[in-house]
$ cat model_6.pdb   # PDB, C-alpha atoms, pLDDT in the B column
MODEL        1
ATOM      1  CA  MET Q   7     -65.157 -24.195 181.150  1.00 56.00           C
ATOM      2  CA  VAL Q   8     -64.284 -26.709 178.430  1.00 66.00           C
ATOM      3  CA  SER Q   9     -67.389 -28.693 179.448  1.00 63.00           C
ATOM      4  CA  ALA Q  10     -69.434 -25.632 178.389  1.00 93.00           C
ATOM      5  CA  LEU Q  11     -67.844 -25.670 174.922  1.00 96.00           C
ATOM      6  CA  THR Q  12     -69.627 -27.596 172.182  1.00 96.00           C
ATOM      7  CA  SER Q  13     -68.185 -28.185 168.736  1.00 97.00           C
ATOM      8  CA  VAL Q  14     -69.667 -28.450 165.260  1.00 97.00           C
ATOM      9  CA  PRO Q  15     -67.110 -29.861 162.814  1.00 96.00           C
ATOM     10  CA  ALA Q  16     -66.563 -28.286 159.427  1.00 96.00           C
ATOM     11  CA  HIS Q  17     -68.424 -29.879 156.547  1.00 92.00           C
ATOM     12  CA  HIS Q  18     -65.953 -31.149 153.945  1.00 79.00           C
ATOM     13  CA  PRO Q  19     -67.605 -33.210 151.204  1.00 66.00           C
ATOM     14  CA  ALA Q  20     -65.294 -35.826 149.720  1.00 58.00           C
ATOM     15  CA  GLY Q  21     -63.029 -34.256 147.135  1.00 54.00           C
ATOM     16  CA  SER Q  22     -63.741 -30.697 148.225  1.00 60.00           C
ATOM     17  CA  ARG Q  23     -61.098 -28.094 148.889  1.00 61.00           C
ATOM     18  CA  GLY Q  24     -60.057 -28.549 152.504  1.00 59.00           C
ATOM     19  CA  ALA Q  25     -60.959 -32.218 152.827  1.00 61.00           C
ATOM     20  CA  GLY Q  26     -58.291 -33.947 154.903  1.00 69.00           C
ATOM     21  CA  GLN Q  27     -56.611 -30.676 155.847  1.00 84.00           C
ATOM     22  CA  ALA Q  28     -56.578 -28.601 159.023  1.00 94.00           C
ATOM     23  CA  SER Q  29     -59.416 -26.074 158.890  1.00 95.00           C
ATOM     24  CA  PRO Q  30     -59.971 -22.630 160.379  1.00 97.00           C
ATOM     25  CA  ALA Q  31     -62.148 -22.424 163.486  1.00 98.00           C
ATOM     26  CA  PHE Q  32     -64.416 -19.878 165.129  1.00 98.00           C
ATOM     27  CA  LEU Q  33     -65.423 -19.409 168.740  1.00 98.00           C
ATOM     28  CA  VAL Q  34     -69.131 -18.462 168.819  1.00 98.00           C
ATOM     29  CA  LEU Q  35     -70.321 -16.258 171.694  1.00 98.00           C
ATOM     30  CA  PRO Q  36     -74.118 -15.894 171.931  1.00 98.00           C
ATOM     31  CA  GLY Q  37     -75.664 -12.733 173.336  1.00 98.00           C
ATOM     32  CA  GLY Q  38     -77.965 -12.341 176.300  1.00 97.00           C
ATOM     33  CA  GLY Q  39     -76.905  -9.237 178.207  1.00 97.00           C
ATOM     34  CA  TYR Q  40     -74.463 -11.204 180.407  1.00 98.00           C
ATOM     35  CA  ALA Q  41     -77.575 -12.693 182.024  1.00 98.00           C
ATOM     36  CA  ARG Q  42     -78.091 -15.719 179.763  1.00 97.00           C
ATOM     37  CA  GLN Q  43     -77.174 -17.073 176.323  1.00 95.00           C
ATOM     38  CA  ALA Q  44     -79.534 -16.813 173.362  1.00 97.00           C
ATOM     39  CA  ASP Q  45     -79.870 -20.258 171.791  1.00 97.00           C
ATOM     40  CA  HIS Q  46     -80.664 -18.915 168.310  1.00 97.00           C
ATOM     41  CA  GLU Q  47     -77.249 -17.196 168.314  1.00 98.00           C
ATOM     42  CA  ALA Q  48     -75.449 -20.418 169.229  1.00 98.00           C
ATOM     43  CA  GLU Q  49     -75.637 -23.782 167.425  1.00 98.00           C
ATOM     44  CA  PRO Q  50     -77.528 -22.477 164.357  1.00 98.00           C
ATOM     45  CA  VAL Q  51     -74.657 -20.045 163.784  1.00 98.00           C
ATOM     46  CA  ALA Q  52     -72.128 -22.825 164.303  1.00 98.00           C
ATOM     47  CA  GLU Q  53     -73.901 -24.915 161.662  1.00 98.00           C
ATOM     48  CA  TRP Q  54     -73.703 -22.002 159.201  1.00 97.00           C
ATOM     49  CA  LEU Q  55     -69.964 -21.695 159.802  1.00 98.00           C
ATOM     50  CA  ALA Q  56     -69.501 -25.456 159.437  1.00 97.00           C
ATOM     51  CA  ALA Q  57     -71.208 -25.274 156.026  1.00 95.00           C
ATOM     52  CA  LEU Q  58     -68.445 -22.880 154.971  1.00 96.00           C
ATOM     53  CA  GLY Q  59     -65.770 -25.394 155.922  1.00 95.00           C
ATOM     54  CA  ILE Q  60     -65.001 -23.794 159.293  1.00 97.00           C
ATOM     55  CA  HIS Q  61     -64.990 -25.654 162.615  1.00 97.00           C
ATOM     56  CA  ALA Q  62     -67.245 -23.898 165.128  1.00 98.00           C
ATOM     57  CA  PHE Q  63     -67.126 -23.989 168.919  1.00 98.00           C
ATOM     58  CA  VAL Q  64     -70.044 -22.549 170.914  1.00 98.00           C
ATOM     59  CA  LEU Q  65     -69.200 -21.306 174.402  1.00 98.00           C
ATOM     60  CA  ARG Q  66     -71.720 -21.031 177.212  1.00 98.00           C
ATOM     61  CA  TYR Q  67     -69.622 -18.581 179.217  1.00 98.00           C
ATOM     62  CA  ARG Q  68     -70.411 -17.602 182.797  1.00 97.00           C
ATOM     63  CA  VAL Q  69     -72.954 -14.822 183.313  1.00 98.00           C
ATOM     64  CA  ALA Q  70     -74.528 -12.993 186.275  1.00 97.00           C
ATOM     65  CA  PRO Q  71     -74.246 -13.443 189.170  1.00 97.00           C
ATOM     66  CA  ASP Q  72     -70.650 -14.135 188.057  1.00 97.00           C
ATOM     67  CA  ARG Q  73     -68.826 -10.889 187.294  1.00 97.00           C
ATOM     68  CA  HIS Q  74     -65.884  -9.739 185.224  1.00 98.00           C
ATOM     69  CA  PRO Q  75     -63.420 -11.273 184.508  1.00 98.00           C
ATOM     70  CA  ALA Q  76     -65.300 -14.610 184.613  1.00 98.00           C
ATOM     71  CA  PRO Q  77     -66.729 -14.470 181.045  1.00 98.00           C
ATOM     72  CA  LEU Q  78     -63.414 -13.250 179.635  1.00 98.00           C
ATOM     73  CA  GLU Q  79     -61.562 -16.020 181.473  1.00 98.00           C
ATOM     74  CA  ASP Q  80     -63.912 -18.539 179.870  1.00 98.00           C
ATOM     75  CA  ALA Q  81     -63.433 -17.027 176.410  1.00 98.00           C
ATOM     76  CA  LYS Q  82     -59.634 -16.985 176.692  1.00 98.00           C
ATOM     77  CA  GLU Q  83     -59.541 -20.540 177.982  1.00 97.00           C
ATOM     78  CA  ALA Q  84     -61.744 -21.567 175.053  1.00 97.00           C
ATOM     79  CA  MET Q  85     -59.461 -19.828 172.536  1.00 98.00           C
ATOM     80  CA  LEU Q  86     -56.412 -21.575 173.958  1.00 97.00           C
ATOM     81  CA  HIS Q  87     -58.223 -24.910 173.944  1.00 97.00           C
ATOM     82  CA  ILE Q  88     -59.306 -24.469 170.311  1.00 98.00           C
ATOM     83  CA  ARG Q  89     -55.757 -23.654 169.216  1.00 97.00           C
ATOM     84  CA  ASN Q  90     -53.964 -26.234 171.329  1.00 93.00           C
ATOM     85  CA  GLY Q  91     -56.509 -28.558 172.897  1.00 80.00           C
ATOM     86  CA  SER Q  92     -57.290 -32.237 172.462  1.00 84.00           C
ATOM     87  CA  HIS Q  93     -60.758 -31.688 171.026  1.00 92.00           C
ATOM     88  CA  GLY Q  94     -60.244 -34.123 168.172  1.00 92.00           C
ATOM     89  CA  LEU Q  95     -60.736 -31.658 165.304  1.00 95.00           C
ATOM     90  CA  ALA Q  96     -58.024 -30.724 162.823  1.00 95.00           C
ATOM     91  CA  VAL Q  97     -57.818 -26.990 163.549  1.00 97.00           C
ATOM     92  CA  ASP Q  98     -55.339 -24.679 161.864  1.00 97.00           C
ATOM     93  CA  PRO Q  99     -53.922 -22.905 164.956  1.00 96.00           C
ATOM     94  CA  GLY Q 100     -53.039 -19.857 162.872  1.00 97.00           C
ATOM     95  CA  ARG Q 101     -56.655 -19.302 161.796  1.00 98.00           C
ATOM     96  CA  VAL Q 102     -58.900 -19.110 164.837  1.00 98.00           C
ATOM     97  CA  GLY Q 103     -61.517 -16.363 164.956  1.00 98.00           C
ATOM     98  CA  VAL Q 104     -64.295 -15.169 167.235  1.00 99.00           C
ATOM     99  CA  LEU Q 105     -67.906 -14.311 166.417  1.00 99.00           C
ATOM    100  CA  GLY Q 106     -70.156 -12.623 168.962  1.00 98.00           C
ATOM    101  CA  PHE Q 107     -73.671 -11.246 169.177  1.00 98.00           C
ATOM    102  CA  SER Q 108     -74.761  -8.311 171.373  1.00 98.00           C
ATOM    103  CA  ALA Q 109     -73.155  -8.868 174.818  1.00 98.00           C
ATOM    104  CA  GLY Q 110     -71.351 -11.811 173.253  1.00 98.00           C
ATOM    105  CA  GLY Q 111     -70.060  -9.226 170.800  1.00 98.00           C
ATOM    106  CA  HIS Q 112     -68.744  -7.228 173.724  1.00 98.00           C
ATOM    107  CA  LEU Q 113     -66.963 -10.328 174.981  1.00 98.00           C
ATOM    108  CA  ALA Q 114     -65.567 -10.918 171.481  1.00 98.00           C
ATOM    109  CA  ALA Q 115     -64.381  -7.312 171.222  1.00 98.00           C
ATOM    110  CA  THR Q 116     -62.657  -7.347 174.618  1.00 98.00           C
ATOM    111  CA  LEU Q 117     -61.048 -10.654 173.670  1.00 98.00           C
ATOM    112  CA  SER Q 118     -59.864  -9.066 170.417  1.00 98.00           C
ATOM    113  CA  THR Q 119     -58.415  -6.007 172.146  1.00 98.00           C
ATOM    114  CA  SER Q 120     -56.377  -8.095 174.611  1.00 98.00           C
ATOM    115  CA  THR Q 121     -58.273  -7.005 177.710  1.00 98.00           C
ATOM    116  CA  SER Q 122     -56.547  -8.478 180.757  1.00 98.00           C
ATOM    117  CA  THR Q 123     -58.038 -11.050 183.099  1.00 98.00           C
ATOM    118  CA  GLY Q 124     -55.114 -10.733 185.499  1.00 97.00           C
ATOM    119  CA  SER Q 125     -54.148 -14.363 184.904  1.00 98.00           C
ATOM    120  CA  ALA Q 126     -50.738 -15.018 183.359  1.00 98.00           C
ATOM    121  CA  ARG Q 127     -52.031 -18.439 182.321  1.00 97.00           C
ATOM    122  CA  LEU Q 128     -54.758 -16.870 180.172  1.00 98.00           C
ATOM    123  CA  ASP Q 129     -53.436 -13.464 179.108  1.00 98.00           C
ATOM    124  CA  LEU Q 130     -51.419 -14.856 176.226  1.00 98.00           C
ATOM    125  CA  PRO Q 131     -51.095 -13.778 172.582  1.00 98.00           C
ATOM    126  CA  GLU Q 132     -52.643 -17.116 171.567  1.00 98.00           C
ATOM    127  CA  ALA Q 133     -55.867 -16.107 173.333  1.00 98.00           C
ATOM    128  CA  VAL Q 134     -56.350 -13.222 170.880  1.00 98.00           C
ATOM    129  CA  PRO Q 135     -58.331 -14.225 167.762  1.00 98.00           C
ATOM    130  CA  ASP Q 136     -57.031 -13.850 164.226  1.00 98.00           C
ATOM    131  CA  LEU Q 137     -60.327 -12.469 162.858  1.00 98.00           C
ATOM    132  CA  THR Q 138     -63.366 -10.946 164.566  1.00 98.00           C
ATOM    133  CA  VAL Q 139     -67.040 -10.924 163.565  1.00 99.00           C
ATOM    134  CA  LEU Q 140     -69.317  -8.650 165.602  1.00 98.00           C
ATOM    135  CA  CYS Q 141     -73.106  -8.786 165.210  1.00 98.00           C
ATOM    136  CA  TYR Q 142     -75.006  -5.802 166.688  1.00 98.00           C
ATOM    137  CA  PRO Q 143     -72.368  -5.751 169.449  1.00 98.00           C
ATOM    138  CA  VAL Q 144     -72.234  -3.968 172.750  1.00 98.00           C
ATOM    139  CA  VAL Q 145     -68.828  -2.259 172.540  1.00 98.00           C
ATOM    140  CA  SER Q 146     -68.673   0.836 174.733  1.00 97.00           C
ATOM    141  CA  TYR Q 147     -69.231   0.948 178.478  1.00 97.00           C
ATOM    142  CA  THR Q 148     -68.872   4.730 178.525  1.00 95.00           C
ATOM    143  CA  HIS Q 149     -71.096   6.014 175.668  1.00 94.00           C
ATOM    144  CA  SER Q 150     -74.685   5.058 174.763  1.00 94.00           C
ATOM    145  CA  VAL Q 151     -74.315   2.190 177.195  1.00 92.00           C
ATOM    146  CA  HIS Q 152     -76.460  -0.909 177.358  1.00 91.00           C
ATOM    147  CA  GLN Q 153     -76.997  -0.614 181.076  1.00 93.00           C
ATOM    148  CA  GLY Q 154     -78.174  -4.165 181.585  1.00 94.00           C
ATOM    149  CA  SER Q 155     -74.895  -5.541 180.257  1.00 96.00           C
ATOM    150  CA  VAL Q 156     -72.904  -3.185 182.453  1.00 96.00           C
ATOM    151  CA  ASP Q 157     -74.887  -4.070 185.576  1.00 96.00           C
ATOM    152  CA  ASN Q 158     -74.734  -7.813 184.947  1.00 97.00           C
ATOM    153  CA  LEU Q 159     -71.007  -7.856 184.202  1.00 98.00           C
ATOM    154  CA  LEU Q 160     -69.740  -5.302 186.703  1.00 97.00           C
ATOM    155  CA  GLY Q 161     -72.407  -4.862 189.363  1.00 95.00           C
ATOM    156  CA  SER Q 162     -73.296  -1.478 190.795  1.00 88.00           C
ATOM    157  CA  ALA Q 163     -71.012   1.558 190.718  1.00 90.00           C
ATOM    158  CA  PRO Q 164     -68.025   0.223 188.739  1.00 95.00           C
ATOM    159  CA  SER Q 165     -65.005   2.525 188.600  1.00 96.00           C
ATOM    160  CA  SER Q 166     -64.459   4.786 185.620  1.00 96.00           C
ATOM    161  CA  ASP Q 167     -61.128   3.032 185.004  1.00 96.00           C
ATOM    162  CA  LEU Q 168     -62.870  -0.320 184.721  1.00 97.00           C
ATOM    163  CA  LEU Q 169     -65.497   1.110 182.375  1.00 97.00           C
ATOM    164  CA  ASP Q 170     -62.711   2.453 180.160  1.00 97.00           C
ATOM    165  CA  GLU Q 171     -60.871  -0.858 180.264  1.00 97.00           C
ATOM    166  CA  LEU Q 172     -63.990  -2.676 179.073  1.00 98.00           C
ATOM    167  CA  SER Q 173     -64.813  -0.158 176.318  1.00 98.00           C
ATOM    168  CA  ALA Q 174     -63.221  -2.004 173.415  1.00 98.00           C
ATOM    169  CA  GLU Q 175     -63.234   0.968 171.034  1.00 98.00           C
ATOM    170  CA  ARG Q 176     -60.785   2.708 173.379  1.00 97.00           C
ATOM    171  CA  ASN Q 177     -58.331  -0.182 173.326  1.00 98.00           C
ATOM    172  CA  VAL Q 178     -57.898  -0.904 169.626  1.00 98.00           C
ATOM    173  CA  THR Q 179     -54.285  -0.971 168.409  1.00 98.00           C
ATOM    174  CA  ALA Q 180     -52.546  -1.857 165.170  1.00 98.00           C
ATOM    175  CA  ALA Q 181     -52.315  -5.415 166.542  1.00 98.00           C
ATOM    176  CA  THR Q 182     -56.106  -5.816 166.895  1.00 98.00           C
ATOM    177  CA  PRO Q 183     -57.438  -8.402 164.438  1.00 98.00           C
ATOM    178  CA  PRO Q 184     -59.404  -7.391 161.319  1.00 98.00           C
ATOM    179  CA  ALA Q 185     -63.159  -7.365 161.792  1.00 98.00           C
ATOM    180  CA  PHE Q 186     -66.480  -7.760 160.020  1.00 98.00           C
ATOM    181  CA  VAL Q 187     -69.131  -5.737 161.865  1.00 98.00           C
ATOM    182  CA  TRP Q 188     -72.853  -5.298 161.275  1.00 98.00           C
ATOM    183  CA  HIS Q 189     -75.734  -3.548 162.988  1.00 98.00           C
ATOM    184  CA  THR Q 190     -79.159  -2.072 162.237  1.00 98.00           C
ATOM    185  CA  ALA Q 191     -79.747   1.661 162.298  1.00 98.00           C
ATOM    186  CA  ASP Q 192     -82.955   1.433 164.327  1.00 96.00           C
ATOM    187  CA  ASP Q 193     -81.678  -1.014 166.954  1.00 97.00           C
ATOM    188  CA  ALA Q 194     -83.548   0.174 170.035  1.00 96.00           C
ATOM    189  CA  ALA Q 195     -81.507  -1.845 172.532  1.00 96.00           C
ATOM    190  CA  VAL Q 196     -77.881  -1.265 171.472  1.00 97.00           C
ATOM    191  CA  PRO Q 197     -77.299   1.817 169.298  1.00 97.00           C
ATOM    192  CA  ALA Q 198     -75.450   1.358 166.016  1.00 98.00           C
ATOM    193  CA  SER Q 199     -72.871   3.845 167.324  1.00 98.00           C
ATOM    194  CA  HIS Q 200     -71.236   0.898 169.118  1.00 98.00           C
ATOM    195  CA  SER Q 201     -70.390  -0.729 165.781  1.00 98.00           C
ATOM    196  CA  LEU Q 202     -69.492   2.584 164.149  1.00 98.00           C
ATOM    197  CA  ASP Q 203     -67.075   3.445 166.943  1.00 98.00           C
ATOM    198  CA  TYR Q 204     -65.350   0.056 166.872  1.00 98.00           C
ATOM    199  CA  ALA Q 205     -64.974  -0.012 163.105  1.00 98.00           C
ATOM    200  CA  GLY Q 206     -63.771   3.594 163.147  1.00 98.00           C
ATOM    201  CA  ALA Q 207     -61.145   2.782 165.772  1.00 98.00           C
ATOM    202  CA  LEU Q 208     -59.902  -0.118 163.645  1.00 98.00           C
ATOM    203  CA  MET Q 209     -59.636   2.049 160.565  1.00 98.00           C
ATOM    204  CA  ARG Q 210     -57.752   4.763 162.431  1.00 98.00           C
ATOM    205  CA  ALA Q 211     -55.321   2.095 163.657  1.00 98.00           C
ATOM    206  CA  GLY Q 212     -54.801   0.839 160.119  1.00 98.00           C
ATOM    207  CA  VAL Q 213     -56.631  -2.437 160.737  1.00 98.00           C
ATOM    208  CA  PRO Q 214     -58.887  -3.753 157.944  1.00 98.00           C
ATOM    209  CA  ALA Q 215     -62.576  -3.527 158.808  1.00 98.00           C
ATOM    210  CA  GLU Q 216     -65.818  -4.150 156.953  1.00 98.00           C
ATOM    211  CA  LEU Q 217     -68.934  -2.462 158.351  1.00 98.00           C
ATOM    212  CA  HIS Q 218     -72.578  -2.863 157.327  1.00 98.00           C
ATOM    213  CA  VAL Q 219     -75.441  -0.873 158.862  1.00 98.00           C
ATOM    214  CA  PHE Q 220     -78.846  -1.976 157.626  1.00 98.00           C
ATOM    215  CA  PRO Q 221     -81.689   0.576 157.859  1.00 98.00           C
ATOM    216  CA  ARG Q 222     -84.147  -1.625 159.726  1.00 97.00           C
ATOM    217  CA  GLY Q 223     -84.163  -4.636 162.009  1.00 97.00           C
ATOM    218  CA  ARG Q 224     -84.804  -5.352 165.661  1.00 96.00           C
ATOM    219  CA  HIS Q 225     -82.050  -6.230 168.095  1.00 97.00           C
ATOM    220  CA  GLY Q 226     -81.198  -9.906 168.441  1.00 97.00           C
ATOM    221  CA  LEU Q 227     -81.824 -11.101 164.883  1.00 98.00           C
ATOM    222  CA  GLY Q 228     -79.251 -13.884 164.897  1.00 98.00           C
ATOM    223  CA  LEU Q 229     -78.957 -15.286 161.376  1.00 98.00           C
ATOM    224  CA  ALA Q 230     -81.755 -12.873 160.373  1.00 97.00           C
ATOM    225  CA  VAL Q 231     -83.529 -15.400 158.163  1.00 95.00           C
ATOM    226  CA  GLU Q 232     -86.259 -13.745 156.073  1.00 91.00           C
ATOM    227  CA  GLU Q 233     -85.473 -10.306 157.538  1.00 94.00           C
ATOM    228  CA  PRO Q 234     -85.085  -8.097 154.425  1.00 96.00           C
ATOM    229  CA  GLY Q 235     -81.764  -6.283 154.555  1.00 97.00           C
ATOM    230  CA  PRO Q 236     -80.091  -7.924 157.551  1.00 98.00           C
ATOM    231  CA  ASP Q 237     -80.645 -11.333 155.952  1.00 98.00           C
ATOM    232  CA  GLN Q 238     -77.725 -10.431 153.683  1.00 98.00           C
ATOM    233  CA  TRP Q 239     -75.187 -10.415 156.490  1.00 98.00           C
ATOM    234  CA  THR Q 240     -74.332 -14.107 156.271  1.00 98.00           C
ATOM    235  CA  GLN Q 241     -73.562 -13.873 152.553  1.00 97.00           C
ATOM    236  CA  LEU Q 242     -71.530 -10.705 153.045  1.00 98.00           C
ATOM    237  CA  CYS Q 243     -69.603 -12.242 155.917  1.00 98.00           C
ATOM    238  CA  ALA Q 244     -69.008 -15.485 154.018  1.00 98.00           C
ATOM    239  CA  ALA Q 245     -67.598 -13.486 151.106  1.00 97.00           C
ATOM    240  CA  TRP Q 246     -65.330 -11.617 153.552  1.00 98.00           C
ATOM    241  CA  LEU Q 247     -64.137 -14.899 155.026  1.00 98.00           C
ATOM    242  CA  ASP Q 248     -63.588 -16.323 151.554  1.00 96.00           C
ATOM    243  CA  ARG Q 249     -61.426 -13.348 150.570  1.00 96.00           C
ATOM    244  CA  ALA Q 250     -59.382 -14.027 153.701  1.00 96.00           C
ATOM    245  CA  GLY Q 251     -58.922 -17.635 152.556  1.00 94.00           C
ATOM    246  CA  TRP Q 252     -60.891 -19.147 155.411  1.00 96.00           C
ATOM    247  CA  THR Q 253     -63.765 -20.875 153.577  1.00 93.00           C
ATOM    248  CA  THR Q 254     -63.766 -24.055 151.533  1.00 83.00           C
ATOM    249  CA  SER Q 255     -67.378 -23.890 150.362  1.00 59.00           C
ATOM    250  CA  PRO Q 256     -68.081 -20.410 148.955  1.00 48.00           C
ATOM    251  CA  SER Q 257     -71.263 -21.715 147.369  1.00 47.00           C
ATOM    252  CA  ALA Q 258     -72.582 -22.258 150.900  1.00 47.00           C
ATOM    253  CA  ALA Q 259     -72.276 -18.529 151.650  1.00 44.00           C
ATOM    254  CA  GLY Q 260     -76.001 -18.086 151.990  1.00 44.00           C
ATOM    255  CA  SER Q 261     -76.638 -21.335 153.813  1.00 42.00           C
ATOM    256  CA  ARG Q 262     -78.345 -21.084 157.200  1.00 40.00           C
ATOM    257  CA  ASP Q 263     -79.052 -24.769 157.709  1.00 38.00           C
TER     258      ASP Q 263
ENDMDL
END
$ encode --input "model_6.pdb" --output "C-alpha cells"
Amino acid sequence: MVSALTSVPAHHPAGSRGAGQASPAFLVLPGGGYARQADHEAEPVAEWLAALGIHAFVLRYRVAPDRHPAPLEDAKEAMLHIRNGSHGLAVDPGRVGVLGFSAGGHLAATLSTSTSTGSARLDLPEAVPDLTVLCYPVVSYTHSVHQGSVDNLLGSAPSSDLLDELSAERNVTAATPPAFVWHTADDAAVPASHSLDYAGALMRAGVPAELHVFPRGRHGLGLAVEEPGPDQWTQLCAAWLDRAGWTTSPSAAGSRD
C-alpha cells in the first residue's frame, strides 16, 4: 500500500511560521465510485494543502474488483504510516487529517467513524484522523444510495448489517473528529442529503461541524476552479483549518496552484 502513497511536502518559505517545525498532514482520498481514482481530486488538491503549510499524502487505494475492507485497510495503513512512518517529512503526529471526494469521501467518513477492518494491526485509535474534510461525499449505504459505489465496494446482495456498518452517519459518536463538509444542492449523482445527514449526526453528538451547500454545481468538481459558488470551498476550508491552528500560510487560502 505504501507504494501507492505519494507525498507533497508543505511549503514553508524561509522565515515563515512553521518553518523548521513539524507540520500537520492530510491523507487525500480521490473519488471514482470505488472503480478508479479521479486524478483532478488527487495531486492538485495535495498542492493546495501544501500551499497552506500542510503535508499532503495522496493514496491510490484498492478499488473493484477488490472489495471491502481492502480500501479501508489501505486508508488505515496510510494513516498509521503518516503518523509513525519513515517517509522523511516532519509530521506532527497529533495533527493528521483526512480529505475525501465522493467515494473517497465515503472512505474518509468510514475511517473517521472507526469502521472495523477486522485486523488488530490496523484497527487502532491512531488510524482515526484528527480532522475530516468531506467533498460531495457518499456517506449512506442505506438511504439515497449511490448504487455504483455500493456495487463496486460490496458486490451483489450485501447484507443489511454490512450496509448499516458502512453508513457513516449511523456510526458517529462523540469521539468522531470534527468535520468540514460541502456539497451542491443539484448534485445529480450523490444527493446533498449525504452531507446533511453526516453533519447532522456530528452536531447531535456534540462534534463541531461546518457544512456548506452551494445551490449549483455538477458532481465531481474537485477544486471547483472558476465554478461560481463552489469555487469558494477552498477559501472556506482554509479558514476553518486556520481557526483550528493547522495552517501556516493563511494568505494562501485561495491558492489552487
$ resolve_selection --input "model_6.pdb" --expression "the PyMOL selection byres ((chain Q and resi 53-70) around 8)" --output "ChimeraX atom specification"
/Q:7,10-18,24,29-36,40-43,48-52,71-73,76-77,80-81,84,88,95,97,158-159,244,252-256,258-259,261-263
$ closest_residue --input "model_6.pdb" --among "Q:Ser125, Q:Ser155, Q:Ser199, Q:Asn177" --to "Gly110 of chain Q" --atoms "only C-alpha atoms"
Q:Ser155
$ resolve_selection --input "model_6.pdb" --expression "the PyMOL selection byres ((chain Q and resi 124) around 12)" --output "ChimeraX atom specification"
/Q:74-76,78-79,82,120-123,125-130
$ residues_around --input "model_6.pdb" --residues "segment 166-176 of chain Q" --least-positions-apart "3" --cutoff "7 Å" --atoms "all atoms listed in the file" --output "compact mmCIF listing (two decimals) with C-alpha atoms, keeping the file's coordinate frame"
# COMPACT_ATOMS: atom_id res chain seq x y z
CA ALA Q 115 -64.38 -7.31 171.22
CA THR Q 116 -62.66 -7.35 174.62
CA THR Q 119 -58.42 -6.01 172.15
CA VAL Q 145 -68.83 -2.26 172.54
CA SER Q 146 -68.67 0.84 174.73
CA TYR Q 147 -69.23 0.95 178.48
CA THR Q 148 -68.87 4.73 178.52
CA ASP Q 203 -67.08 3.44 166.94
CA TYR Q 204 -65.35 0.06 166.87
CA ALA Q 207 -61.14 2.78 165.77
$ atom_distance --input "model_6.pdb" --atom1 "atom CA of Val102 of chain Q" --atom2 "atom CA of Val134 of chain Q"
8.8 Å
$ closest_residue --input "model_6.pdb" --among "Q:Ala198, Q:Ala191, Q:Met85, Q:Val213" --to "Ser108 of chain Q" --atoms "all atoms listed in the file"
Q:Ala198
$ closest_residue --input "model_6.pdb" --among "Q:His112, Q:Thr179, Q:Cys141, Q:Glu232" --to "Gly212 of chain Q" --atoms "only C-alpha atoms"
Q:Thr179
$ closest_residue --input "model_6.pdb" --among "Q:Pro164, Q:Gly106, Q:Pro135, Q:Gly226" --to "Pro184 of chain Q" --atoms "only C-alpha atoms"
Q:Pro135
$ closest_residue --input "model_6.pdb" --among "Q:Leu160, Q:Gln27, Q:Phe107, Q:Val196" --to "Asp45 of chain Q" --atoms "only C-alpha atoms"
Q:Phe107
$ atom_distance --input "model_6.pdb" --atom1 "atom CA of Arg101 of chain Q" --atom2 "atom CA of Asp136 of chain Q"
6.0 Å
$ atom_distance --input "model_6.pdb" --atom1 "atom CA of Tyr142 of chain Q" --atom2 "atom CA of His87 of chain Q"
26.4 Å
$ closest_residue --input "model_6.pdb" --among "Q:Arg89, Q:Arg210, Q:His46, Q:Arg222" --to "Val178 of chain Q" --atoms "all atoms listed in the file"
Q:Arg210
$ axis_aligned_box --input "model_6.pdb" --around "segment 133-137 of chain Q" --padding-each-side "4 Å" --output "lines of an AutoDock Vina configuration file"
center_x = -58.1
center_y = -14.3
center_z = 168.1
size_x = 12.5
size_y = 11.6
size_z = 18.5
